[in-house]
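Asker: Provided herewith: work29.txt, compact mmCIF, C-alpha atoms.
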# COMPACT_ATOMS: atom_id res chain seq x y z
CA MET U 6 -169.38 48.07 31.81
CA PRO U 7 -170.42 44.59 33.04
CA ASP U 8 -170.30 44.11 36.80
CA LEU U 9 -167.44 41.62 36.63
CA GLU U 10 -165.26 44.25 34.92
CA LYS U 11 -165.66 46.96 37.54
CA ASN U 12 -162.76 47.91 39.77
CA ARG U 13 -164.64 46.26 42.62
CA PHE U 14 -163.58 46.88 46.20
CA SER U 15 -164.15 43.24 47.16
CA ALA U 16 -161.98 41.92 44.34
CA ARG U 17 -159.34 44.53 45.05
CA ALA U 18 -159.31 43.73 48.78
CA LYS U 19 -158.96 40.02 48.07
CA ARG U 20 -156.03 40.73 45.73
CA TYR U 21 -154.39 42.99 48.34
CA ALA U 22 -154.52 40.13 50.81
CA ARG U 23 -153.00 37.59 48.41
CA VAL U 24 -150.25 39.82 47.05
CA GLY U 25 -149.60 41.53 50.36
CA ALA U 26 -149.10 38.27 52.22
CA ASN U 27 -146.41 37.18 49.78
CA VAL U 28 -144.68 40.47 49.05
CA GLY U 29 -145.15 41.75 52.59
CA GLY U 30 -143.35 38.78 54.11
CA VAL U 31 -140.32 39.33 51.93
CA ALA U 32 -140.41 43.09 52.57
CA ALA U 33 -140.65 42.56 56.33
CA ARG U 34 -137.51 40.42 56.33
CA MET U 35 -135.69 43.11 54.35
CA ALA U 36 -136.77 45.83 56.77
CA GLY U 37 -136.04 43.73 59.86
CA ALA U 38 -132.56 42.82 58.71
CA ARG U 39 -131.80 46.46 57.97
CA PHE U 40 -133.12 47.62 61.37
CA LEU U 41 -131.14 45.00 63.29
CA GLY U 42 -127.97 45.59 61.30
CA ILE U 43 -127.98 42.05 59.88
CA ASP U 44 -126.53 41.35 56.45
CA LEU U 45 -129.42 40.14 54.31
CA ASP U 46 -128.95 37.19 51.95
CA ARG U 47 -130.25 39.10 48.92
CA ALA U 48 -130.01 36.11 46.60
CA LYS U 49 -132.16 34.00 48.93
CA ASN U 50 -134.60 36.86 49.51
CA ALA U 51 -134.84 37.48 45.77
CA ALA U 52 -135.60 33.81 45.12
CA GLU U 53 -138.38 33.92 47.71
CA LEU U 54 -139.82 37.06 46.12
CA ALA U 55 -139.76 35.51 42.65
CA ALA U 56 -141.48 32.40 43.98
CA ALA U 57 -144.14 34.54 45.65
CA LEU U 58 -144.82 36.55 42.51
CA GLY U 59 -144.70 33.58 40.18
CA GLY U 60 -147.32 31.75 42.21
CA LEU U 61 -149.74 34.65 41.90
CA LYS U 62 -149.66 35.09 38.09
CA GLY U 63 -151.68 38.04 36.82
CA PRO U 64 -150.51 41.67 36.60
CA ILE U 65 -147.89 41.51 39.37
CA MET U 66 -146.07 38.90 37.30
CA LYS U 67 -146.14 41.13 34.22
CA VAL U 68 -144.82 44.02 36.29
CA ALA U 69 -142.06 41.79 37.67
CA GLN U 70 -141.02 40.81 34.16
CA LEU U 71 -141.05 44.46 33.12
CA LEU U 72 -138.81 45.38 36.05
CA ALA U 73 -136.41 42.62 35.09
CA THR U 74 -135.83 44.38 31.75
CA ILE U 75 -135.18 47.87 33.21
CA PRO U 76 -131.52 48.11 34.21
CA GLU U 77 -131.05 48.90 37.91
CA ALA U 78 -134.76 49.14 38.71
CA LEU U 79 -134.00 46.42 41.25
CA PRO U 80 -130.75 44.90 42.58
CA VAL U 81 -129.04 42.38 40.31
CA GLU U 82 -129.96 39.45 42.56
CA TYR U 83 -133.63 40.25 42.05
CA ILE U 84 -133.18 40.71 38.31
CA THR U 85 -131.63 37.23 38.06
CA GLU U 86 -134.61 35.62 39.76
CA LEU U 87 -137.34 37.66 38.10
CA THR U 88 -136.06 36.84 34.61
CA LYS U 89 -136.86 33.21 35.39
CA LEU U 90 -140.58 33.93 35.70
CA GLN U 91 -142.56 32.32 32.92
CA SER U 92 -144.85 34.47 30.79
CA GLN U 93 -147.47 31.74 30.49
CA ALA U 94 -150.40 31.80 32.91
CA PRO U 95 -153.00 29.04 33.38
CA PRO U 96 -155.62 29.59 30.63
CA MET U 97 -159.32 30.11 31.29
CA GLY U 98 -161.41 27.00 30.72
CA TRP U 99 -164.03 26.88 27.97
CA ALA U 100 -166.99 27.38 30.32
CA PHE U 101 -165.37 30.54 31.66
CA VAL U 102 -164.47 31.74 28.16
CA LYS U 103 -168.09 31.38 27.06
CA ARG U 104 -169.28 33.52 29.96
CA ARG U 105 -166.64 36.17 29.23
CA MET U 106 -167.45 36.25 25.51
CA GLN U 107 -171.16 36.54 26.29
CA ALA U 108 -170.42 39.48 28.56
CA GLU U 109 -168.55 41.20 25.70
CA LEU U 110 -170.58 40.34 22.57
CA GLY U 111 -173.95 39.19 23.91
CA ALA U 112 -175.74 35.85 24.28
CA ASP U 113 -175.53 35.11 20.55
CA TRP U 114 -171.78 35.73 20.35
CA GLN U 115 -170.98 32.33 18.80
CA ASN U 116 -173.24 33.16 15.83
CA LYS U 117 -170.87 36.03 15.00
CA PHE U 118 -168.04 33.60 14.18
CA ALA U 119 -167.81 30.74 11.71
CA SER U 120 -165.57 29.00 14.27
CA PHE U 121 -163.95 29.77 17.60
CA GLU U 122 -161.30 27.45 19.04
CA HIS U 123 -161.98 26.33 22.61
CA HIS U 124 -158.34 26.08 23.65
CA PRO U 125 -156.34 29.33 23.56
CA ALA U 126 -153.44 29.73 21.15
CA ALA U 127 -151.61 31.73 23.83
CA ALA U 128 -152.21 32.61 27.49
CA ALA U 129 -150.41 35.42 29.30
CA SER U 130 -150.68 37.48 32.46
CA LEU U 131 -153.62 39.74 31.54
CA GLY U 132 -155.55 37.64 29.05
CA GLN U 133 -155.44 34.96 26.38
CA VAL U 134 -155.74 34.70 22.60
CA HIS U 135 -158.15 32.38 20.78
CA ARG U 136 -157.94 31.55 17.11
CA ALA U 137 -161.22 31.99 15.22
CA HIS U 138 -162.74 32.48 11.78
CA SER U 139 -165.06 35.25 10.70
CA LEU U 140 -168.34 34.50 8.94
CA ASP U 141 -166.64 35.15 5.61
CA GLY U 142 -163.74 32.81 6.45
CA ALA U 143 -161.01 35.25 7.50
CA GLU U 144 -158.59 33.99 10.17
CA LEU U 145 -158.86 35.94 13.42
CA ALA U 146 -156.97 36.38 16.68
CA CYS U 147 -159.37 37.14 19.58
CA LYS U 148 -157.60 38.60 22.61
CA LEU U 149 -159.85 38.16 25.66
CA GLN U 150 -159.01 39.81 28.98
CA TYR U 151 -159.35 37.86 32.22
CA ALA U 152 -162.05 38.94 34.66
CA ASP U 153 -161.34 41.49 37.41
CA MET U 154 -158.06 42.62 35.86
CA GLN U 155 -158.65 46.28 36.74
CA SER U 156 -158.97 45.36 40.41
CA ALA U 157 -155.92 43.11 40.21
CA VAL U 158 -153.78 45.80 38.54
CA GLU U 159 -154.65 48.43 41.15
CA ALA U 160 -153.91 46.02 44.00
CA ASP U 161 -150.63 44.90 42.47
CA LEU U 162 -149.46 48.43 41.78
CA LYS U 163 -149.92 49.22 45.47
CA GLN U 164 -147.58 46.37 46.35
CA LEU U 165 -145.12 47.45 43.67
CA GLY U 166 -145.06 50.85 45.34
CA LEU U 167 -144.10 49.12 48.58
CA LEU U 168 -141.18 47.33 46.95
CA PHE U 169 -139.92 50.54 45.36
CA ALA U 170 -140.25 52.46 48.62
CA ILE U 171 -138.13 49.85 50.40
CA ARG U 172 -135.55 50.01 47.59
CA ARG U 173 -135.32 53.80 47.86
CA ARG U 174 -134.89 53.63 51.64
CA PHE U 175 -132.10 51.06 51.60
CA ASP U 176 -130.41 51.99 48.32
CA PRO U 177 -131.09 55.64 47.41
CA ALA U 178 -128.55 55.98 44.59
CA ILE U 179 -131.36 55.87 42.01
CA ASP U 180 -134.69 57.46 42.95
CA THR U 181 -137.34 55.24 41.33
CA SER U 182 -140.36 57.35 42.32
CA GLU U 183 -141.04 58.35 38.70
CA MET U 184 -140.72 54.74 37.53
CA ILE U 185 -143.79 53.63 39.46
CA LYS U 186 -145.83 56.43 37.86
CA GLU U 187 -144.80 55.35 34.38
CA ILE U 188 -145.36 51.65 35.01
CA GLY U 189 -148.78 52.36 36.51
CA ALA U 190 -149.86 54.47 33.54
CA ARG U 191 -148.75 51.85 31.03
CA MET U 192 -150.36 48.97 32.95
CA ARG U 193 -153.69 50.78 33.09
CA GLU U 194 -153.47 51.48 29.37
CA GLU U 195 -152.89 47.81 28.65
CA LEU U 196 -156.29 47.05 30.15
CA ASP U 197 -158.04 49.30 27.62
CA TYR U 198 -158.43 47.28 24.43
CA ARG U 199 -160.21 50.13 22.67
CA ARG U 200 -157.05 52.17 23.11
CA GLU U 201 -154.97 49.25 21.90
CA ALA U 202 -157.14 49.07 18.76
CA LYS U 203 -156.22 52.71 18.12
CA HIS U 204 -152.54 51.86 18.61
CA VAL U 205 -152.94 49.19 15.93
CA ALA U 206 -154.48 51.79 13.60
CA LEU U 207 -151.56 54.13 14.35
CA TYR U 208 -148.98 51.51 13.34
CA ARG U 209 -151.00 50.25 10.40
CA ASP U 210 -151.01 53.80 9.08
CA MET U 211 -147.20 53.99 9.32
CA PHE U 212 -146.57 50.55 7.81
CA ALA U 213 -149.35 50.52 5.21
CA ALA U 214 -147.22 49.49 2.25
CA PRO U 215 -146.50 45.71 2.01
CA ASP U 216 -142.84 45.35 2.96
CA SER U 217 -140.84 43.73 5.77
CA ILE U 218 -143.23 44.74 8.58
CA ARG U 219 -146.84 43.58 8.89
CA VAL U 220 -149.52 45.03 11.14
CA PRO U 221 -152.89 43.27 11.59
CA GLY U 222 -156.24 44.86 10.89
CA VAL U 223 -158.82 45.44 13.63
CA TRP U 224 -162.36 43.98 13.52
CA PRO U 225 -164.35 46.69 15.38
CA GLU U 226 -167.66 44.80 15.30
CA LEU U 227 -165.99 41.92 17.17
CA SER U 228 -164.10 44.09 19.65
CA THR U 229 -164.89 45.83 22.95
CA GLY U 230 -162.93 47.39 25.80
CA ARG U 231 -162.00 43.88 27.04
CA LEU U 232 -162.00 41.95 23.75
CA LEU U 233 -159.76 42.80 20.79
CA THR U 234 -160.21 40.93 17.52
CA LEU U 235 -157.44 41.27 14.94
CA ASP U 236 -156.36 39.57 11.74
CA TRP U 237 -154.47 36.38 12.45
CA LEU U 238 -150.92 36.83 11.15
CA GLU U 239 -149.26 33.51 10.45
CA GLY U 240 -145.62 33.30 11.43
CA SER U 241 -142.86 31.40 13.19
CA HIS U 242 -141.04 32.27 16.42
CA LEU U 243 -138.10 34.64 15.99
CA LEU U 244 -135.69 32.26 17.76
CA GLU U 245 -136.37 29.59 15.13
CA HIS U 246 -134.29 31.73 12.76
CA LYS U 247 -131.20 32.34 14.89
CA ASP U 248 -129.26 29.80 12.80
CA ASP U 249 -130.46 31.02 9.39
CA THR U 250 -128.01 32.54 6.93
CA LEU U 251 -126.42 35.85 7.90
CA ALA U 252 -128.28 37.57 5.06
CA THR U 253 -131.63 36.34 6.42
CA ARG U 254 -130.77 37.26 10.00
CA ASN U 255 -129.66 40.72 8.91
CA ARG U 256 -132.87 41.20 6.94
CA LEU U 257 -134.97 40.36 10.00
CA ALA U 258 -132.82 42.56 12.26
CA THR U 259 -133.17 45.47 9.84
CA ALA U 260 -136.94 45.03 9.92
CA MET U 261 -136.82 45.11 13.74
CA PHE U 262 -134.71 48.28 13.66
CA THR U 263 -137.19 49.93 11.28
CA ALA U 264 -140.23 48.80 13.29
CA TRP U 265 -138.77 50.51 16.36
CA TRP U 266 -136.94 53.60 15.07
CA LEU U 267 -139.24 54.67 12.23
CA PRO U 268 -142.28 55.35 14.50
CA PHE U 269 -139.99 57.12 16.97
CA SER U 270 -138.43 59.38 14.35
CA ARG U 271 -141.75 60.14 12.64
CA ILE U 272 -144.25 60.55 15.49
CA GLY U 273 -142.31 59.97 18.73
CA GLY U 274 -143.82 56.51 19.34
CA ILE U 275 -142.17 53.27 20.43
CA HIS U 276 -143.25 49.68 20.85
CA GLY U 277 -142.38 49.46 24.55
CA ASP U 278 -142.64 45.71 25.17
CA PRO U 279 -139.61 43.90 23.67
CA HIS U 280 -140.86 40.42 24.63
CA LEU U 281 -139.96 37.94 21.87
CA GLY U 282 -143.53 36.62 21.89
CA ASN U 283 -144.74 39.96 20.52
CA TYR U 284 -143.13 39.30 17.16
CA SER U 285 -143.28 36.49 14.62
CA ILE U 286 -141.58 35.90 11.28
CA PHE U 287 -143.54 35.67 8.04
CA THR U 288 -142.29 34.08 4.85
CA GLN U 289 -142.55 34.88 1.16
CA LYS U 290 -141.81 32.25 -1.47
CA GLY U 291 -140.69 29.91 1.30
CA ARG U 292 -138.11 32.32 2.73
CA PRO U 293 -138.21 34.44 5.95
CA ALA U 294 -139.12 37.90 4.70
CA GLY U 295 -140.05 40.08 7.65
CA ILE U 296 -141.74 40.47 11.02
CA ASN U 297 -145.33 40.50 12.23
CA LEU U 298 -145.99 43.01 15.04
CA LEU U 299 -148.49 41.20 17.24
CA ASP U 300 -149.13 43.21 20.41
CA TYR U 301 -149.93 46.92 20.83
CA GLY U 302 -150.83 47.22 24.51
CA CYS U 303 -147.58 48.98 25.46
CA ILE U 304 -147.17 51.78 22.91
CA ARG U 305 -145.55 54.93 24.30
CA ILE U 306 -146.05 58.28 22.56
CA PHE U 307 -143.43 60.81 23.68
CA PRO U 308 -143.61 64.61 23.52
CA PRO U 309 -141.77 65.80 20.40
CA LYS U 310 -139.17 67.63 22.52
CA PHE U 311 -138.21 64.29 24.12
CA VAL U 312 -137.43 62.93 20.64
CA GLY U 313 -135.35 66.05 20.09
CA GLY U 314 -133.41 65.21 23.26
CA VAL U 315 -132.57 61.76 21.89
CA VAL U 316 -131.19 63.28 18.70
CA ASP U 317 -129.36 66.03 20.62
CA LEU U 318 -127.63 63.46 22.84
CA TYR U 319 -126.55 61.48 19.77
CA ASN U 320 -125.10 64.59 18.14
CA GLY U 321 -123.57 65.83 21.40
CA LEU U 322 -121.75 62.57 22.05
CA ARG U 323 -120.63 62.25 18.43
CA LYS U 324 -119.24 65.80 18.28
CA GLY U 325 -117.98 66.00 21.86
CA ASP U 326 -120.34 68.90 22.55
CA ASP U 327 -120.83 68.85 26.34
CA ALA U 328 -123.35 71.69 26.32
CA LEU U 329 -125.58 69.80 23.87
CA VAL U 330 -125.25 66.62 25.97
CA VAL U 331 -126.37 68.45 29.11
CA HIS U 332 -129.20 70.10 27.18
CA ALA U 333 -130.38 66.65 26.07
CA TYR U 334 -130.43 65.27 29.62
CA GLU U 335 -132.32 68.32 30.86
CA THR U 336 -134.80 67.97 27.98
CA TRP U 337 -135.48 64.42 29.14
CA GLY U 338 -136.20 65.66 32.65
CA PHE U 339 -132.97 65.02 34.58
CA LYS U 340 -132.47 67.74 37.18
CA GLY U 341 -129.65 69.09 39.35
CA LEU U 342 -126.92 67.61 37.15
CA SER U 343 -123.40 68.04 38.46
CA ARG U 344 -120.29 67.32 36.41
CA GLY U 345 -119.94 64.01 38.20
CA LEU U 346 -123.52 62.93 37.48
CA ILE U 347 -123.17 63.91 33.83
CA ASP U 348 -120.05 61.76 33.49
CA ILE U 349 -121.91 58.81 35.03
CA LEU U 350 -124.91 59.20 32.73
CA ASN U 351 -122.53 59.38 29.80
CA VAL U 352 -121.25 55.88 30.60
CA TRP U 353 -124.73 54.54 29.95
CA ALA U 354 -125.37 56.85 26.99
CA ARG U 355 -122.16 55.83 25.23
CA PHE U 356 -123.11 52.18 25.64
CA ILE U 357 -126.59 52.69 24.14
CA TYR U 358 -125.42 55.07 21.41
CA GLY U 359 -122.12 53.33 20.69
CA PRO U 360 -123.35 51.14 17.80
CA LEU U 361 -125.22 54.12 16.31
CA MET U 362 -122.07 56.27 16.19
CA ASP U 363 -119.79 53.54 14.80
CA ASP U 364 -119.84 53.81 10.99
CA ARG U 365 -119.06 50.19 10.14
CA VAL U 366 -120.71 46.79 9.92
CA ARG U 367 -120.70 45.24 13.40
CA SER U 368 -122.71 43.32 15.98
CA ILE U 369 -124.71 45.32 18.52
CA ALA U 370 -122.26 44.14 21.25
CA ASP U 371 -119.43 41.65 20.81
CA GLY U 372 -119.17 38.73 23.22
CA VAL U 373 -122.39 39.53 25.13
CA LYS U 374 -125.25 37.10 25.73
CA PRO U 375 -128.77 38.40 24.94
CA GLY U 376 -129.94 38.31 28.56
CA GLU U 377 -126.84 40.16 29.75
CA TYR U 378 -127.04 43.10 27.34
CA GLY U 379 -126.52 46.31 29.32
CA ARG U 380 -126.12 44.64 32.73
CA ARG U 381 -122.41 45.37 33.22
CA GLN U 382 -122.82 49.03 32.25
CA ALA U 383 -125.87 49.39 34.50
CA PHE U 384 -123.92 47.96 37.42
CA GLU U 385 -121.04 50.36 36.74
CA VAL U 386 -123.41 53.34 36.63
CA HIS U 387 -125.19 52.30 39.82
CA ARG U 388 -121.91 51.83 41.69
CA ALA U 389 -120.79 55.31 40.66
CA LEU U 390 -124.14 56.85 41.61
CA ARG U 391 -123.74 55.55 45.14
CA GLN U 392 -120.88 58.02 45.47
CA LYS U 393 -122.18 60.89 43.32
CA GLY U 394 -126.00 60.46 43.43
CA PRO U 395 -128.80 60.27 44.02
CA VAL U 396 -130.43 60.87 40.66
CA THR U 397 -134.15 60.75 39.87
CA VAL U 398 -134.85 58.82 36.68
CA PRO U 399 -137.50 60.70 34.62
CA ARG U 400 -140.58 58.63 33.84
CA GLU U 401 -140.19 59.08 30.06
CA PHE U 402 -136.81 57.38 30.32
CA VAL U 403 -138.26 54.10 31.66
CA LEU U 404 -139.75 52.51 28.54
CA MET U 405 -137.23 54.15 26.22
CA ASP U 406 -134.43 52.50 28.15
CA ARG U 407 -136.24 49.20 28.48
CA ALA U 408 -137.14 49.00 24.80
CA ALA U 409 -133.58 49.85 23.71
CA ILE U 410 -132.23 47.02 25.86
CA GLY U 411 -134.88 44.63 24.54
CA LEU U 412 -134.12 45.58 20.95
CA GLY U 413 -130.41 45.01 21.56
CA GLY U 414 -131.26 41.57 22.92
CA VAL U 415 -133.11 40.72 19.69
CA PHE U 416 -130.07 41.74 17.61
CA LEU U 417 -127.90 39.49 19.79
CA HIS U 418 -130.31 36.56 19.43
CA LEU U 419 -130.14 36.96 15.65
CA ARG U 420 -126.36 37.55 15.70
CA ALA U 421 -126.97 40.38 13.27
CA GLU U 422 -124.09 42.28 11.66
CA LEU U 423 -125.27 45.66 10.42
CA ASN U 424 -124.14 49.23 9.99
CA PHE U 425 -126.36 50.61 12.75
CA HIS U 426 -124.94 54.11 12.22
CA ARG U 427 -126.26 54.31 8.67
CA LEU U 428 -129.61 52.81 9.63
CA PHE U 429 -130.00 55.43 12.36
CA GLU U 430 -128.90 58.30 10.11
CA GLN U 431 -131.43 57.14 7.51
CA ALA U 432 -134.21 56.95 10.12
CA MET U 433 -133.41 60.45 11.38
CA GLU U 434 -132.90 62.06 7.97
CA ASN U 435 -134.39 65.57 7.83
CA PHE U 436 -135.36 65.34 11.52
CA SER U 437 -136.91 68.31 13.28
CA VAL U 438 -138.93 68.63 16.47
CA LYS U 439 -141.51 70.68 14.58
CA GLY U 440 -141.83 67.96 11.96
CA VAL U 441 -142.39 65.31 14.63
CA ALA U 442 -145.01 67.50 16.31
CA GLU U 443 -146.93 68.02 13.05
CA ARG U 444 -146.81 64.34 12.03
CA GLN U 445 -147.67 63.19 15.55
CA ALA U 446 -150.75 65.42 15.76
CA ALA U 447 -151.97 64.25 12.36
CA ALA U 448 -151.31 60.55 13.07
CA LEU U 449 -152.99 60.64 16.49
CA ARG U 450 -155.99 62.38 14.98
CA ARG U 451 -156.35 59.74 12.26
CA ALA U 452 -156.08 56.95 14.86
CA GLY U 453 -158.60 58.62 17.20
CA LEU U 454 -156.06 59.15 20.01
CA ALA U 455 -155.93 62.30 22.10
CA ALA U 456 -152.86 64.45 21.50
CA GLY U 457 -150.68 65.07 24.53
CA SER U 458 -151.84 61.99 26.45
CA ASP U 459 -149.28 60.02 28.45
Would you kindly transcribe this structure into structure tokens?
Answerer:
Amino acid sequence: MPDLEKNRFSARAKRYARVGANVGGVAARMAGARFLGIDLDRAKNAAELAAALGGLKGPIMKVAQLLATIPEALPVEYITELTKLQSQAPPMGWAFVKRRMQAELGADWQNKFASFEHHPAAAASLGQVHRAHSLDGAELACKLQYADMQSAVEADLKQLGLLFAIRRRFDPAIDTSEMIKEIGARMREELDYRREAKHVALYRDMFAAPDSIRVPGVWPELSTGRLLTLDWLEGSHLLEHKDDTLATRNRLATAMFTAWWLPFSRIGGIHGDPHLGNYSIFTQKGRPAGINLLDYGCIRIFPPKFVGGVVDLYNGLRKGDDALVVHAYETWGFKGLSRGLIDILNVWARFIYGPLMDDRVRSIADGVKPGEYGRRQAFEVHRALRQKGPVTVPREFVLMDRAAIGLGGVFLHLRAELNFHRLFEQAMENFSVKGVAERQAAALRRAGLAAGSD
């Protein structure tokens, strides 16, 4: 690994100082107010925290955006401010890009492309994408990671741990200790572009037939652990189609449903980052026909029994089978469940599963704005947990919950009207935990991924 890519102590220490100064100041005010018995202006404190994180860019900003999509990971005042953070980061200049590309592909790297655009097509928190052409003329998307990201991620995760520890001390209704483990594991995976290339292969295997979902191909000879070169998939932004005909919007929403639920039902995998920039819309014969899946850094593969718990909870709620509902929660990893805690968890479960159990054409949630999907129910659950809790949220639940909320937001953006019950029943047809286990093992083997990894 080139020197600039090592998890260097000097780079990590510098990042600790920058992040710690900003986050630490906000945390100190929170702790001081609590110690002195002063009511803290949480809205003001949240705005200061968002400003501190937004100024830093990099991984801490990505983590902040992730937290903003996990209901009740942070108080609502913080959610409101963190959702304002922009996903765009200042791009690397051309001189810097040339040095980074040389570090990945060697001094003659430019001779391996017919063209390579100097200005990035997109810049985000961990890296940026450049449009290029292969020597045989194919259009390419080259995802290049910023320097010292491993050091930055480790430093930022330390500060995230501080924020979560303060939250647990002052508001213990939901124990977030498992959340930080899950977020850390996923963030570290996102730095490994070789793993992401295998995720692409995994999804390309599932969506091989030309249909409503397109997955790019990987160019291994132009890829490394910090550079991922994929086919360029031409498409328009999803929000450009929110005023299309209902038939078109429903077609795109159905493709989104399939792209999420089919991998889950077949191999226990989900696309865990519901950011709208990770999808685009492709056309056929001048009409919107389906979605391009563009980013594979945050793919979560669950143990087959976890998938079984999702199906058990669906069936338990639908049939009114309390024993099966409890079994599902315990399968997920919830522990020490009293009757009161079960009733509280059911409030959230009935919200998430409601559209799936309702056998009719409907919206995902009537009268709800995309950014507000799930917020009221999360607040209700948190308020109840203050009396009945605490409850420790299992780490597997984090991305599952986040992705479900993100997917619901997409359906609201598109104003889709679908029979979600029949789509779900179709996705789960002939489901068995054994079947998931067998397909998962075979799919991971074909993609070169280790079975049983987080």
Asker: Distance atom CA of U:Leu342-atom CA of U:Ala190, one decimal place?
Answerer: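 Distance reported for this atom pair: 26.7 Å.
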Asker: If you measure from atom CA of U:Gly376 to atom CA of U:Ile185, what distance in Å do you get, rounded to one decimal?
Answerer: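 Spanning atom CA of U:Gly376 to atom CA of U:Ile185 is a straight-line distance of 23.4 Å.
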Asker: Write out as a PyMOL selection string the residues lying within 12 Å of U:Ser228, counting only C-alpha atoms and excluding same-chain residues fewer than 3 positions away.
Answerer: chain U and resi 106+108-111+114+117+145-150+197-203+222-225+231-236
Asker: Measuring between only C-alpha atoms, which one of U:Arg427, U:Lys290, U:Arg344, U:His332 shows the shortest distance to U:Lys393?
Answerer: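 Checking each candidate against U:Lys393, we get U:Arg344 as the closest.
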Asker: U:Trp337: which residues within 9 Å, counting all atoms listed in the file, same-chain residues fewer than 6 positions away excluded, as a tab-separated table (two decimals) with C-alpha atoms, in the frame of the given file?
Answerer:
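Writing done, so here's selection_12.tsv:
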chain	number	residue	atom	x	y	z
U	310	LYS	CA	-139.17	67.63	22.52
U	311	PHE	CA	-138.21	64.29	24.12
U	312	VAL	CA	-137.43	62.93	20.64
U	314	GLY	CA	-133.41	65.21	23.26
U	315	VAL	CA	-132.57	61.76	21.89
U	399	PRO	CA	-137.50	60.70	34.62
U	401	GLU	CA	-140.19	59.08	30.06
U	402	PHE	CA	-136.81	57.38	30.32
Asker: Smallest atom-to-atom distance to U:Phe212: which of U:Lys324, U:Arg355, U:Arg271, U:Lys163, using only C-alpha atoms?
Answerer: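 Selected residue with least distance to U:Phe212: U:Arg271.
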Asker: Please provide the set of residues having any atom within 12 Å of U:Leu298, restricted to all atoms listed in the file, with same-chain residues fewer than 4 positions apart removed, written as number ranges by chain.
Answerer: U: 204-205, 208-209, 212, 217-222, 235-240, 242-243, 260-261, 263-265, 276, 278-287, 302, 304
Asker: Considering only C-alpha atoms, state which residue in the set U:Ala112, U:Met362, U:Ala383, U:Val396 is at the smallest distance from U:Phe425.
Answerer: U:Met362
Asker: Can you take the partial stretch 192-206 of chain U, add N, CA and C atoms, and return it as a PDB file, in the coordinates of the input?
Answerer:
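As written to disk, rebuild_11.pdb reads:
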ATOM      1  N   MET U 192    -149.563  50.131  32.581  1.00  0.00           N
ATOM      2  CA  MET U 192    -150.360  48.970  32.950  1.00  0.00           C
ATOM      3  C   MET U 192    -151.845  49.258  32.798  1.00  0.00           C
ATOM      4  N   ARG U 193    -152.269  50.433  33.222  1.00  0.00           N
ATOM      5  CA  ARG U 193    -153.690  50.780  33.090  1.00  0.00           C
ATOM      6  C   ARG U 193    -154.085  50.897  31.620  1.00  0.00           C
ATOM      7  N   GLU U 194    -153.175  51.414  30.795  1.00  0.00           N
ATOM      8  CA  GLU U 194    -153.470  51.480  29.370  1.00  0.00           C
ATOM      9  C   GLU U 194    -153.622  50.100  28.755  1.00  0.00           C
ATOM     10  N   GLU U 195    -152.823  49.159  29.221  1.00  0.00           N
ATOM     11  CA  GLU U 195    -152.890  47.810  28.650  1.00  0.00           C
ATOM     12  C   GLU U 195    -154.230  47.136  28.894  1.00  0.00           C
ATOM     13  N   LEU U 196    -154.977  47.613  29.882  1.00  0.00           N
ATOM     14  CA  LEU U 196    -156.290  47.050  30.150  1.00  0.00           C
ATOM     15  C   LEU U 196    -157.363  47.575  29.187  1.00  0.00           C
ATOM     16  N   ASP U 197    -157.065  48.642  28.483  1.00  0.00           N
ATOM     17  CA  ASP U 197    -158.040  49.300  27.620  1.00  0.00           C
ATOM     18  C   ASP U 197    -157.837  48.835  26.179  1.00  0.00           C
ATOM     19  N   TYR U 198    -158.612  47.837  25.766  1.00  0.00           N
ATOM     20  CA  TYR U 198    -158.430  47.280  24.430  1.00  0.00           C
ATOM     21  C   TYR U 198    -158.939  48.218  23.330  1.00  0.00           C
ATOM     22  N   ARG U 199    -159.809  49.130  23.677  1.00  0.00           N
ATOM     23  CA  ARG U 199    -160.210  50.130  22.670  1.00  0.00           C
ATOM     24  C   ARG U 199    -159.020  51.021  22.332  1.00  0.00           C
ATOM     25  N   ARG U 200    -158.252  51.368  23.355  1.00  0.00           N
ATOM     26  CA  ARG U 200    -157.050  52.170  23.110  1.00  0.00           C
ATOM     27  C   ARG U 200    -156.039  51.356  22.303  1.00  0.00           C
ATOM     28  N   GLU U 201    -155.904  50.080  22.643  1.00  0.00           N
ATOM     29  CA  GLU U 201    -154.970  49.250  21.900  1.00  0.00           C
ATOM     30  C   GLU U 201    -155.366  49.161  20.425  1.00  0.00           C
ATOM     31  N   ALA U 202    -156.671  49.096  20.155  1.00  0.00           N
ATOM     32  CA  ALA U 202    -157.140  49.070  18.760  1.00  0.00           C
ATOM     33  C   ALA U 202    -156.690  50.338  18.020  1.00  0.00           C
ATOM     34  N   LYS U 203    -156.691  51.466  18.729  1.00  0.00           N
ATOM     35  CA  LYS U 203    -156.220  52.710  18.120  1.00  0.00           C
ATOM     36  C   LYS U 203    -154.709  52.691  17.903  1.00  0.00           C
ATOM     37  N   HIS U 204    -153.986  52.031  18.814  1.00  0.00           N
ATOM     38  CA  HIS U 204    -152.540  51.860  18.610  1.00  0.00           C
ATOM     39  C   HIS U 204    -152.275  51.046  17.343  1.00  0.00           C
ATOM     40  N   VAL U 205    -153.084  50.005  17.145  1.00  0.00           N
ATOM     41  CA  VAL U 205    -152.940  49.190  15.930  1.00  0.00           C
ATOM     42  C   VAL U 205    -153.156  50.061  14.704  1.00  0.00           C
ATOM     43  N   ALA U 206    -154.200  50.895  14.733  1.00  0.00           N
ATOM     44  CA  ALA U 206    -154.480  51.790  13.600  1.00  0.00           C
ATOM     45  C   ALA U 206    -153.312  52.745  13.367  1.00  0.00           C
TER      46      ALA U 206
END
